[in-house]
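Peer 1: Input final.cif, format and content: mmCIF, C-alpha atoms.
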data_my_file
loop_
_atom_site.label_atom_id
_atom_site.label_comp_id
_atom_site.auth_asym_id
_atom_site.auth_seq_id
_atom_site.Cartn_x
_atom_site.Cartn_y
_atom_site.Cartn_z
CA MET D 1 25.89 -20.84 -18.99
CA LEU D 2 26.06 -17.66 -16.99
CA ARG D 3 23.55 -19.35 -14.71
CA GLU D 4 26.06 -22.15 -14.31
CA LEU D 5 28.77 -19.70 -13.36
CA VAL D 6 26.46 -18.15 -10.78
CA SER D 7 24.92 -21.35 -9.42
CA GLY D 8 27.85 -23.73 -9.89
CA SER D 9 25.71 -26.21 -11.86
CA ARG D 10 26.32 -27.51 -15.39
CA LEU D 11 28.92 -25.03 -16.64
CA TRP D 12 29.99 -25.57 -20.24
CA GLY D 13 31.51 -22.27 -20.88
CA SER D 14 31.67 -18.55 -20.72
CA VAL D 15 29.43 -15.51 -20.72
CA HIS D 16 29.22 -12.93 -23.47
CA ARG D 17 30.98 -9.55 -23.86
CA ALA D 18 29.32 -6.97 -26.18
CA THR D 19 25.77 -5.54 -25.86
CA ALA D 20 22.88 -7.96 -26.32
CA SER D 21 20.46 -7.41 -29.19
CA ALA D 22 17.21 -8.95 -30.36
CA LEU D 23 17.44 -10.95 -33.55
CA GLY D 24 14.73 -11.02 -36.18
CA LEU D 25 15.75 -13.01 -39.25
CA ALA D 26 12.94 -14.56 -41.28
CA ILE D 27 12.49 -18.33 -41.12
CA LEU D 28 13.51 -19.93 -44.40
CA VAL D 29 11.63 -23.22 -44.15
CA GLY D 30 9.51 -22.50 -47.20
CA GLY D 31 12.60 -22.16 -49.37
CA LEU D 32 14.47 -25.29 -48.33
CA ALA D 33 13.09 -27.42 -51.14
CA GLY D 34 14.71 -25.10 -53.65
CA CYS D 35 18.24 -25.95 -52.56
CA GLY D 36 20.24 -28.17 -54.83
CA PRO D 37 23.65 -28.70 -56.36
CA GLY D 38 25.26 -25.72 -57.94
CA GLY D 39 27.90 -23.07 -57.43
CA ALA D 40 29.83 -22.25 -54.27
CA GLU D 41 31.73 -19.39 -52.76
CA THR D 42 34.18 -18.70 -49.99
CA GLY D 43 32.63 -18.23 -46.55
CA PRO D 44 32.77 -15.10 -44.43
CA GLY D 45 35.36 -14.56 -41.75
CA GLY D 46 38.23 -15.32 -44.11
CA ALA D 47 38.34 -19.07 -43.46
CA GLY D 48 35.83 -20.41 -45.96
CA GLY D 49 38.46 -21.88 -48.25
CA SER D 50 40.50 -23.57 -45.57
CA GLY D 51 37.40 -24.72 -43.72
CA GLY D 52 36.28 -26.77 -46.70
CA ALA D 53 39.66 -28.46 -46.84
CA VAL D 54 39.80 -29.17 -43.14
CA ALA D 55 36.82 -31.22 -42.12
CA GLY D 56 34.21 -29.10 -43.63
CA GLY D 57 33.78 -27.78 -47.07
CA ALA D 58 31.61 -29.55 -49.47
CA GLY D 59 28.96 -30.42 -51.88
CA GLY D 60 27.80 -27.67 -54.12
CA ALA D 61 25.15 -25.16 -53.32
CA GLY D 62 22.87 -23.26 -55.60
CA GLY D 63 19.62 -24.26 -57.27
CA SER D 64 17.73 -21.50 -55.50
CA THR D 65 20.05 -18.51 -55.50
CA ASP D 66 17.82 -16.63 -53.09
CA VAL D 67 18.02 -19.34 -50.43
CA CYS D 68 21.37 -21.04 -50.93
CA ALA D 69 23.62 -18.15 -51.93
CA ASP D 70 24.21 -17.24 -48.29
CA PHE D 71 24.94 -20.86 -47.35
CA ALA D 72 27.34 -21.84 -50.13
CA ILE D 73 30.84 -23.08 -49.37
CA GLN D 74 33.94 -23.69 -51.43
CA ALA D 75 33.50 -26.68 -53.71
CA PRO D 76 35.28 -29.80 -52.37
CA PRO D 77 36.85 -32.66 -54.31
CA GLU D 78 34.26 -34.78 -56.11
CA GLY D 79 32.71 -37.35 -53.80
CA ALA D 80 34.17 -35.78 -50.65
CA CYS D 81 32.55 -36.12 -47.23
CA ASN D 82 32.98 -33.09 -44.97
CA GLY D 83 35.55 -31.81 -47.39
CA ALA D 84 37.73 -34.90 -47.87
CA VAL D 85 37.25 -38.13 -49.80
CA GLU D 86 39.34 -39.90 -47.13
CA LEU D 87 36.64 -39.27 -44.51
CA CYS D 88 33.82 -40.99 -46.40
CA GLY D 89 34.71 -44.50 -45.24
CA ARG D 90 35.26 -43.54 -41.60
CA ARG D 91 32.70 -43.99 -38.85
CA VAL D 92 31.59 -40.89 -36.91
CA ASP D 93 33.80 -41.94 -33.99
CA GLU D 94 36.78 -42.14 -36.37
CA VAL D 95 36.41 -38.53 -37.55
CA VAL D 96 37.53 -35.25 -35.96
CA PHE D 97 35.06 -32.36 -36.22
CA PRO D 98 36.06 -28.68 -35.75
CA THR D 99 33.67 -27.60 -32.98
CA THR D 100 32.65 -24.24 -31.52
CA HIS D 101 31.89 -23.76 -27.83
CA ASN D 102 28.75 -21.67 -27.21
CA ALA D 103 28.37 -21.43 -30.97
CA MET D 104 25.34 -19.12 -30.84
CA SER D 105 27.20 -16.48 -28.80
CA ASN D 106 29.03 -14.20 -31.22
CA GLU D 107 30.49 -10.73 -31.69
CA ASP D 108 28.84 -9.96 -35.03
CA ASP D 109 25.37 -10.17 -33.47
CA ASN D 110 26.45 -8.13 -30.43
CA TRP D 111 26.01 -10.83 -27.80
CA LEU D 112 27.24 -9.99 -24.34
CA ALA D 113 30.65 -11.60 -23.67
CA PRO D 114 30.71 -13.66 -26.88
CA ASN D 115 32.59 -16.92 -27.33
CA GLN D 116 32.82 -16.73 -31.12
CA PRO D 117 33.49 -14.00 -33.68
CA HIS D 118 30.76 -14.89 -36.20
CA PRO D 119 27.22 -16.36 -36.25
CA ILE D 120 26.40 -20.01 -36.81
CA VAL D 121 25.95 -19.79 -40.58
CA ALA D 122 29.37 -18.15 -41.00
CA GLN D 123 30.91 -20.82 -38.76
CA LEU D 124 29.45 -23.57 -40.94
CA ARG D 125 30.62 -21.88 -44.11
CA ASP D 126 34.09 -21.55 -42.63
CA GLY D 127 34.32 -25.30 -41.96
CA VAL D 128 32.97 -25.80 -38.43
CA ARG D 129 31.06 -29.10 -38.22
CA GLY D 130 30.30 -29.39 -34.50
CA LEU D 131 28.18 -26.81 -32.64
CA MET D 132 27.75 -26.58 -28.87
CA LEU D 133 24.40 -24.86 -28.27
CA ASP D 134 22.50 -23.77 -25.13
CA THR D 135 18.70 -23.68 -25.10
CA TYR D 136 16.47 -21.66 -22.75
CA LEU D 137 12.92 -20.31 -22.66
CA ASN D 138 13.03 -16.60 -23.46
CA ASN D 139 10.82 -13.86 -22.02
CA ALA D 140 8.04 -14.90 -24.39
CA ASN D 141 8.32 -18.47 -23.04
CA GLU D 142 9.57 -19.66 -26.41
CA PRO D 143 12.64 -21.91 -26.91
CA ALA D 144 15.70 -19.86 -27.79
CA LEU D 145 19.44 -20.17 -28.14
CA CYS D 146 20.74 -18.11 -25.20
CA HIS D 147 23.72 -18.11 -22.89
CA GLY D 148 22.60 -18.04 -19.30
CA TYR D 149 20.14 -15.18 -19.71
CA CYS D 150 18.42 -14.33 -22.96
CA SER D 151 18.89 -10.61 -22.30
CA PHE D 152 22.57 -11.16 -23.16
CA GLY D 153 21.65 -12.28 -26.68
CA GLU D 154 19.24 -14.74 -28.21
CA LYS D 155 18.10 -16.43 -31.38
CA PRO D 156 14.82 -18.38 -31.61
CA LEU D 157 15.67 -22.08 -31.54
CA VAL D 158 13.53 -22.79 -34.58
CA GLU D 159 15.42 -20.10 -36.49
CA GLY D 160 18.83 -21.47 -35.51
CA LEU D 161 17.82 -25.02 -36.45
CA ASN D 162 16.40 -23.77 -39.73
CA GLU D 163 19.71 -22.11 -40.60
CA ILE D 164 21.55 -25.36 -39.90
CA ALA D 165 19.03 -27.39 -41.93
CA THR D 166 19.26 -24.92 -44.80
CA PHE D 167 23.04 -25.16 -44.78
CA LEU D 168 22.84 -28.95 -44.96
CA LYS D 169 20.23 -28.96 -47.71
CA CYS D 170 22.33 -26.52 -49.72
CA ASN D 171 25.50 -28.57 -49.12
CA PRO D 172 24.50 -32.23 -49.50
CA ARG D 173 27.93 -33.76 -48.74
CA GLU D 174 28.17 -32.32 -45.19
CA VAL D 175 27.52 -33.88 -41.79
CA VAL D 176 27.00 -31.66 -38.72
CA VAL D 177 26.83 -32.60 -35.02
CA LEU D 178 24.92 -30.55 -32.42
CA ILE D 179 25.77 -30.83 -28.71
CA PHE D 180 23.01 -29.25 -26.61
CA GLU D 181 23.09 -27.95 -23.07
CA ALA D 182 19.34 -27.97 -22.65
CA TYR D 183 17.18 -25.94 -20.31
CA VAL D 184 14.19 -26.50 -22.60
CA SER D 185 12.11 -29.67 -22.53
CA ALA D 186 12.72 -32.38 -25.08
CA GLU D 187 9.11 -31.93 -26.20
CA LYS D 188 9.56 -28.23 -27.03
CA THR D 189 12.90 -28.98 -28.65
CA ALA D 190 11.28 -31.61 -30.86
CA GLU D 191 8.65 -29.07 -31.91
CA ALA D 192 11.44 -26.74 -33.03
CA PHE D 193 13.12 -29.56 -34.99
CA GLU D 194 9.80 -30.22 -36.74
CA ALA D 195 9.00 -26.56 -37.48
CA SER D 196 12.50 -25.81 -38.76
CA GLY D 197 12.75 -28.75 -41.14
CA ALA D 198 15.80 -30.08 -39.29
CA VAL D 199 13.91 -33.24 -38.37
CA ASP D 200 14.12 -34.34 -42.02
CA LEU D 201 17.90 -34.68 -41.71
CA VAL D 202 18.42 -36.25 -38.28
CA ARG D 203 20.11 -39.54 -37.48
CA THR D 204 18.72 -41.84 -34.78
CA GLN D 205 21.66 -43.90 -33.54
CA PRO D 206 20.88 -47.14 -31.64
CA LYS D 207 22.79 -47.16 -28.37
CA GLY D 208 25.67 -49.63 -28.34
CA GLN D 209 25.69 -50.05 -32.13
CA PRO D 210 28.63 -48.94 -34.30
CA TRP D 211 28.25 -45.47 -35.77
CA PRO D 212 27.77 -45.36 -39.54
CA THR D 213 30.43 -43.86 -41.78
CA LEU D 214 30.10 -40.31 -43.05
CA GLY D 215 29.46 -41.74 -46.50
CA GLU D 216 26.60 -43.87 -45.18
CA LEU D 217 25.05 -40.88 -43.39
CA ILE D 218 25.27 -38.84 -46.59
CA ASP D 219 23.75 -41.60 -48.70
CA ALA D 220 20.88 -41.95 -46.22
CA ASN D 221 20.52 -38.14 -45.93
CA GLN D 222 20.82 -38.47 -42.14
CA ARG D 223 23.40 -35.73 -41.88
CA LEU D 224 22.43 -34.06 -38.60
CA ILE D 225 23.35 -35.69 -35.28
CA ALA D 226 21.91 -34.25 -32.06
CA LEU D 227 23.40 -34.96 -28.62
CA THR D 228 21.93 -33.49 -25.42
CA ASP D 229 22.56 -33.35 -21.71
CA ASP D 230 18.78 -33.52 -21.21
CA PRO D 231 18.22 -36.88 -19.49
CA GLU D 232 14.79 -37.26 -21.11
CA GLY D 233 16.47 -38.16 -24.38
CA VAL D 234 13.16 -38.12 -26.23
CA PRO D 235 12.60 -38.30 -29.20
CA GLY D 236 15.02 -41.00 -30.30
CA TYR D 237 17.20 -38.68 -32.39
CA TYR D 238 17.83 -36.48 -29.32
CA HIS D 239 20.61 -38.67 -27.94
CA PRO D 240 21.63 -38.39 -24.24
CA VAL D 241 25.19 -37.20 -24.72
CA TRP D 242 26.78 -38.98 -21.76
CA GLU D 243 25.47 -42.33 -22.98
CA TYR D 244 27.33 -41.84 -26.28
CA ALA D 245 30.29 -39.63 -25.38
CA TRP D 246 32.70 -38.51 -22.68
CA ASP D 247 34.65 -35.31 -22.18
CA ASN D 248 37.71 -33.98 -20.41
CA PRO D 249 37.35 -31.27 -17.69
CA TYR D 250 36.00 -28.01 -19.12
CA ALA D 251 36.55 -25.33 -16.48
CA ALA D 252 40.24 -24.56 -17.02
CA GLU D 253 41.30 -21.00 -16.19
CA THR D 254 44.91 -21.24 -17.39
CA PRO D 255 46.72 -23.45 -19.91
CA GLY D 256 48.25 -25.33 -17.00
CA ASP D 257 44.76 -26.26 -15.76
CA MET D 258 43.92 -28.19 -18.92
CA LYS D 259 43.66 -31.92 -18.29
CA CYS D 260 43.02 -35.02 -20.38
CA GLN D 261 41.27 -37.23 -17.85
CA LEU D 262 37.58 -38.07 -17.70
CA GLY D 263 35.24 -35.21 -16.87
CA ARG D 264 31.74 -36.50 -17.65
CA GLY D 265 30.35 -39.61 -19.31
CA ASP D 266 32.13 -42.95 -19.55
CA LEU D 267 35.48 -43.73 -21.13
CA ALA D 268 33.83 -46.75 -22.75
CA ASN D 269 31.64 -44.44 -24.84
CA PRO D 270 32.88 -44.07 -28.43
CA LEU D 271 32.87 -40.26 -28.80
CA PHE D 272 35.43 -37.94 -27.15
CA ILE D 273 34.46 -34.28 -26.66
CA PHE D 274 37.81 -32.53 -26.35
CA ASN D 275 37.33 -29.27 -24.45
CA HIS D 276 40.08 -26.82 -25.40
CA PHE D 277 39.10 -23.39 -24.09
CA LEU D 278 39.69 -21.24 -21.02
CA THR D 279 37.05 -19.70 -18.76
CA ALA D 280 38.37 -17.05 -16.35
CA PRO D 281 35.70 -16.15 -15.34
CA THR D 282 34.25 -16.03 -18.86
CA GLY D 283 35.60 -16.83 -22.30
CA ASP D 284 37.63 -14.10 -23.98
CA LEU D 285 39.71 -13.55 -27.09
CA THR D 286 42.85 -12.99 -25.01
CA LEU D 287 42.31 -16.40 -23.39
CA ALA D 288 41.80 -18.05 -26.77
CA GLU D 289 45.08 -16.53 -27.92
CA GLN D 290 46.84 -18.46 -25.16
CA VAL D 291 45.64 -21.92 -26.23
CA ASN D 292 44.46 -21.84 -29.86
CA HIS D 293 47.89 -21.76 -31.47
CA ASN D 294 50.35 -24.49 -32.40
CA PRO D 295 52.53 -26.06 -31.18
CA PHE D 296 50.64 -25.96 -27.85
CA PHE D 297 47.28 -26.86 -29.43
CA ILE D 298 48.32 -29.87 -31.52
CA GLU D 299 50.69 -31.18 -28.86
CA ARG D 300 47.96 -31.10 -26.24
CA ALA D 301 45.46 -32.83 -28.52
CA GLN D 302 47.95 -35.53 -29.43
CA ALA D 303 48.96 -35.97 -25.79
CA CYS D 304 45.33 -36.49 -24.75
CA GLN D 305 44.85 -38.97 -27.58
CA ALA D 306 47.94 -40.91 -26.48
CA GLN D 307 46.94 -40.79 -22.80
CA THR D 308 43.33 -41.91 -23.28
CA GLY D 309 43.65 -44.01 -26.42
CA ASP D 310 40.71 -42.11 -27.93
CA LEU D 311 40.62 -39.83 -30.95
CA PRO D 312 39.42 -36.32 -29.97
CA ASN D 313 36.25 -36.31 -32.08
CA PHE D 314 34.99 -32.83 -31.23
CA VAL D 315 37.87 -30.38 -30.91
CA THR D 316 36.07 -27.54 -29.15
CA VAL D 317 37.32 -23.97 -28.98
CA ASP D 318 36.35 -20.37 -28.35
CA PHE D 319 37.07 -17.80 -31.10
CA TYR D 320 37.52 -20.42 -33.79
CA THR D 321 39.16 -18.05 -36.30
CA THR D 322 42.00 -17.36 -33.87
CA GLY D 323 44.87 -19.82 -34.06
CA ASP D 324 45.09 -23.23 -35.68
CA LEU D 325 41.81 -25.11 -35.17
CA PHE D 326 41.49 -26.28 -38.76
CA GLU D 327 45.15 -27.24 -39.04
CA VAL D 328 44.86 -29.29 -35.84
CA VAL D 329 41.76 -31.04 -37.12
CA ARG D 330 43.43 -31.87 -40.43
CA ALA D 331 46.41 -33.33 -38.59
CA LEU D 332 44.25 -35.43 -36.25
CA ASN D 333 42.26 -36.66 -39.26
CA GLY D 334 45.52 -37.62 -40.96
CA LEU D 335 44.79 -35.41 -43.94
CA PRO D 336 47.52 -33.76 -46.02
#
Before we go any further, please render this structure as structure tokens.
Peer 2:
Amino acid sequence: MLRELVSGSRLWGSVHRATASALGLAILVGGLAGCGPGGAETGPGGAGGSGGAVAGGAGGAGGSTDVCADFAIQAPPEGACNGAVELCGRRVDEVVFPTTHNAMSNEDDNWLAPNQPHPIVAQLRDGVRGLMLDTYLNNANEPALCHGYCSFGEKPLVEGLNEIATFLKCNPREVVVLIFEAYVSAEKTAEAFEASGAVDLVRTQPKGQPWPTLGELIDANQRLIALTDDPEGVPGYYHPVWEYAWDNPYAAETPGDMKCQLGRGDLANPLFIFNHFLTAPTGDLTLAEQVNHNPFFIERAQACQAQTGDLPNFVTVDFYTTGDLFEVVRALNGLP
């Protein structure tokens, strides 16, 4: 997205702050089959317990301690979907998902100008269920999660998808949505889905048809939804985002700049991506402090819902552990 800031093209967000570093975690595909129901533990970052109760949290993890121990989350109520039994009978477009903007860009991994405090796995353990991700070809011409320039920080795309797939296989009552800003071809992206094991969990949603409920997705083990701004939209599970969703303007620099009206997509589309972050000129913790707290946060979300008539499905923030993201999502989901 730095390239967007420089070129004025498809900006979705901010650039990173700390020093970039190369990442080298081992791919866990071989161990996925060992994940199964079992114990759980509180996630890192101090929000694991509340995350499970918000719109995340969920089915037990364990089976293979070596694989699933790092992906376990606080055990939810029996039969819960994304942490709440009440959500099981709701369609995807009737559910609010806590969502992280530029989810791959984080302080813990020393990305330059990060948008989040912790990596993707920690976000998922803490209760995040929507991830905005940018894909680029790195210096080795391989697909990677980067933000503008891979020298600012990167993670191989297959590795990031494998982490998400492992989380889902270790937590079988969870549904996760990915929203890609793609500078990598759909073909190369599909190869990464195949190599990572994520393809085994994807949902292919017919355009114009009602979304299934979370419970139906869980029963079918189609618990990973992928949306993309890549107009190719191939393969079928790689859904062109603006044919399924719409968003409000994303380039606010001050709280007063934040608007509810249509940014991209079509108001007739069933999913509402609610951008709630500041970019001036990049994302920053001090900016998140201005907008991530109630009452401003919940009042703005409710005002946009009242103005548009649409539930904010993906409540998207920078620095998700700052402020009241999970409380806002609970309120919008009508959960106690």
Peer 1: Extract, using all atoms listed in the file, all DNA, RNA and protein residues at most 7 Å from segment 271-280 of chain D, discarding same-chain residues fewer than 5 positions from it, and format them as a ChimeraX atom specification.
Peer 2: /D:13-14,93,244-248,250-254,287-288,310-318
Peer 1: Please compute the atom CA of Gly334 of chain D-atom CA of Ala303 of chain D distance, one decimal, in Å.
Peer 2: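 Here the two named atoms are 15.6 Å from each other.
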Peer 1: For Arg203 of chain D, which residue out of D:Ala103, D:Ala226, D:Val329, D:Ala190 is the nearest one, using only C-alpha atoms?
Peer 2: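 Looking at the shortest contact to Arg203 of chain D, the residue is D:Ala226.
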Peer 1: Pick from D:Asp219, D:Asp108, D:Asp284, D:Asp200: nearest to Gly79 of chain D, with only C-alpha atoms counted?
Peer 2: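 For Gly79 of chain D, the nearest of the given residues is D:Asp219.
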Peer 1: With distances taken over all atoms listed in the file, which of D:Glu232, D:Glu163, D:Leu217, D:Gln302 is nearest to Pro119 of chain D?
Peer 2: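 Nearest to Pro119 of chain D: D:Glu163.
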Peer 1: Decode the PyMOL selection byres ((chain D and resi 172-187) around 7) for the given file into explicit residues and return them as a ChimeraX atom specification.
Peer 2: /D:58-59,80-82,129-137,143,168-171,188-191,218,223-230,232-234
Peer 1: Let me make sure I understand: among D:Arg125, D:Asn106, D:Pro114, D:Glu86, which one has the smallest atom-to-atom distance to Cys68 of chain D if we use all atoms listed in the file?
Peer 2: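 Ranking D:Arg125, D:Asn106, D:Pro114, D:Glu86 by distance to Cys68 of chain D, first place goes to D:Arg125.
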Peer 1: Quick one: of D:Leu161, D:Leu335, D:Ile298, D:Ala220, who's nearest to Glu194 of chain D, counting all atoms listed in the file?
Peer 2: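 Checking each of D:Leu161, D:Leu335, D:Ile298, D:Ala220 against Glu194 of chain D, counting all atoms listed in the file, the winner is D:Leu161.
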Peer 1: Expressed in Å to a single decimal, how great is the separation between atom CA of Pro255 of chain D and atom CA of Ser105 of chain D?
Peer 2: 22.6 Å
Peer 1: Just give me the gap between atom CA of Thr100 of chain D and atom CA of Tyr320 of chain D in Å, one decimal is fine.
Peer 2: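 Answer for the atom CA of Thr100 of chain D to atom CA of Tyr320 of chain D separation: 6.6 Å.
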Peer 1: Considering all atoms listed in the file, can you say which of D:Phe97, D:Tyr237, D:Phe152, D:Phe326 comes closest to Leu112 of chain D?
Peer 2: D:Phe152
Peer 1: Do a neighbour search on Gln205 of chain D at 8 Å with only C-alpha atoms, toss out local chain neighbours closer than 2 positions, and write the hits as a ChimeraX atom specification.
Peer 2: /D:203,207,209,211,236-237,239
Peer 1: Near Ala195 of chain D, within 8 Å and counting all atoms listed in the file, which residues show up once chain neighbours fewer than 3 positions away are dropped, as a PyMOL selection string?
Peer 2: chain D and resi 29+158+191-192+198
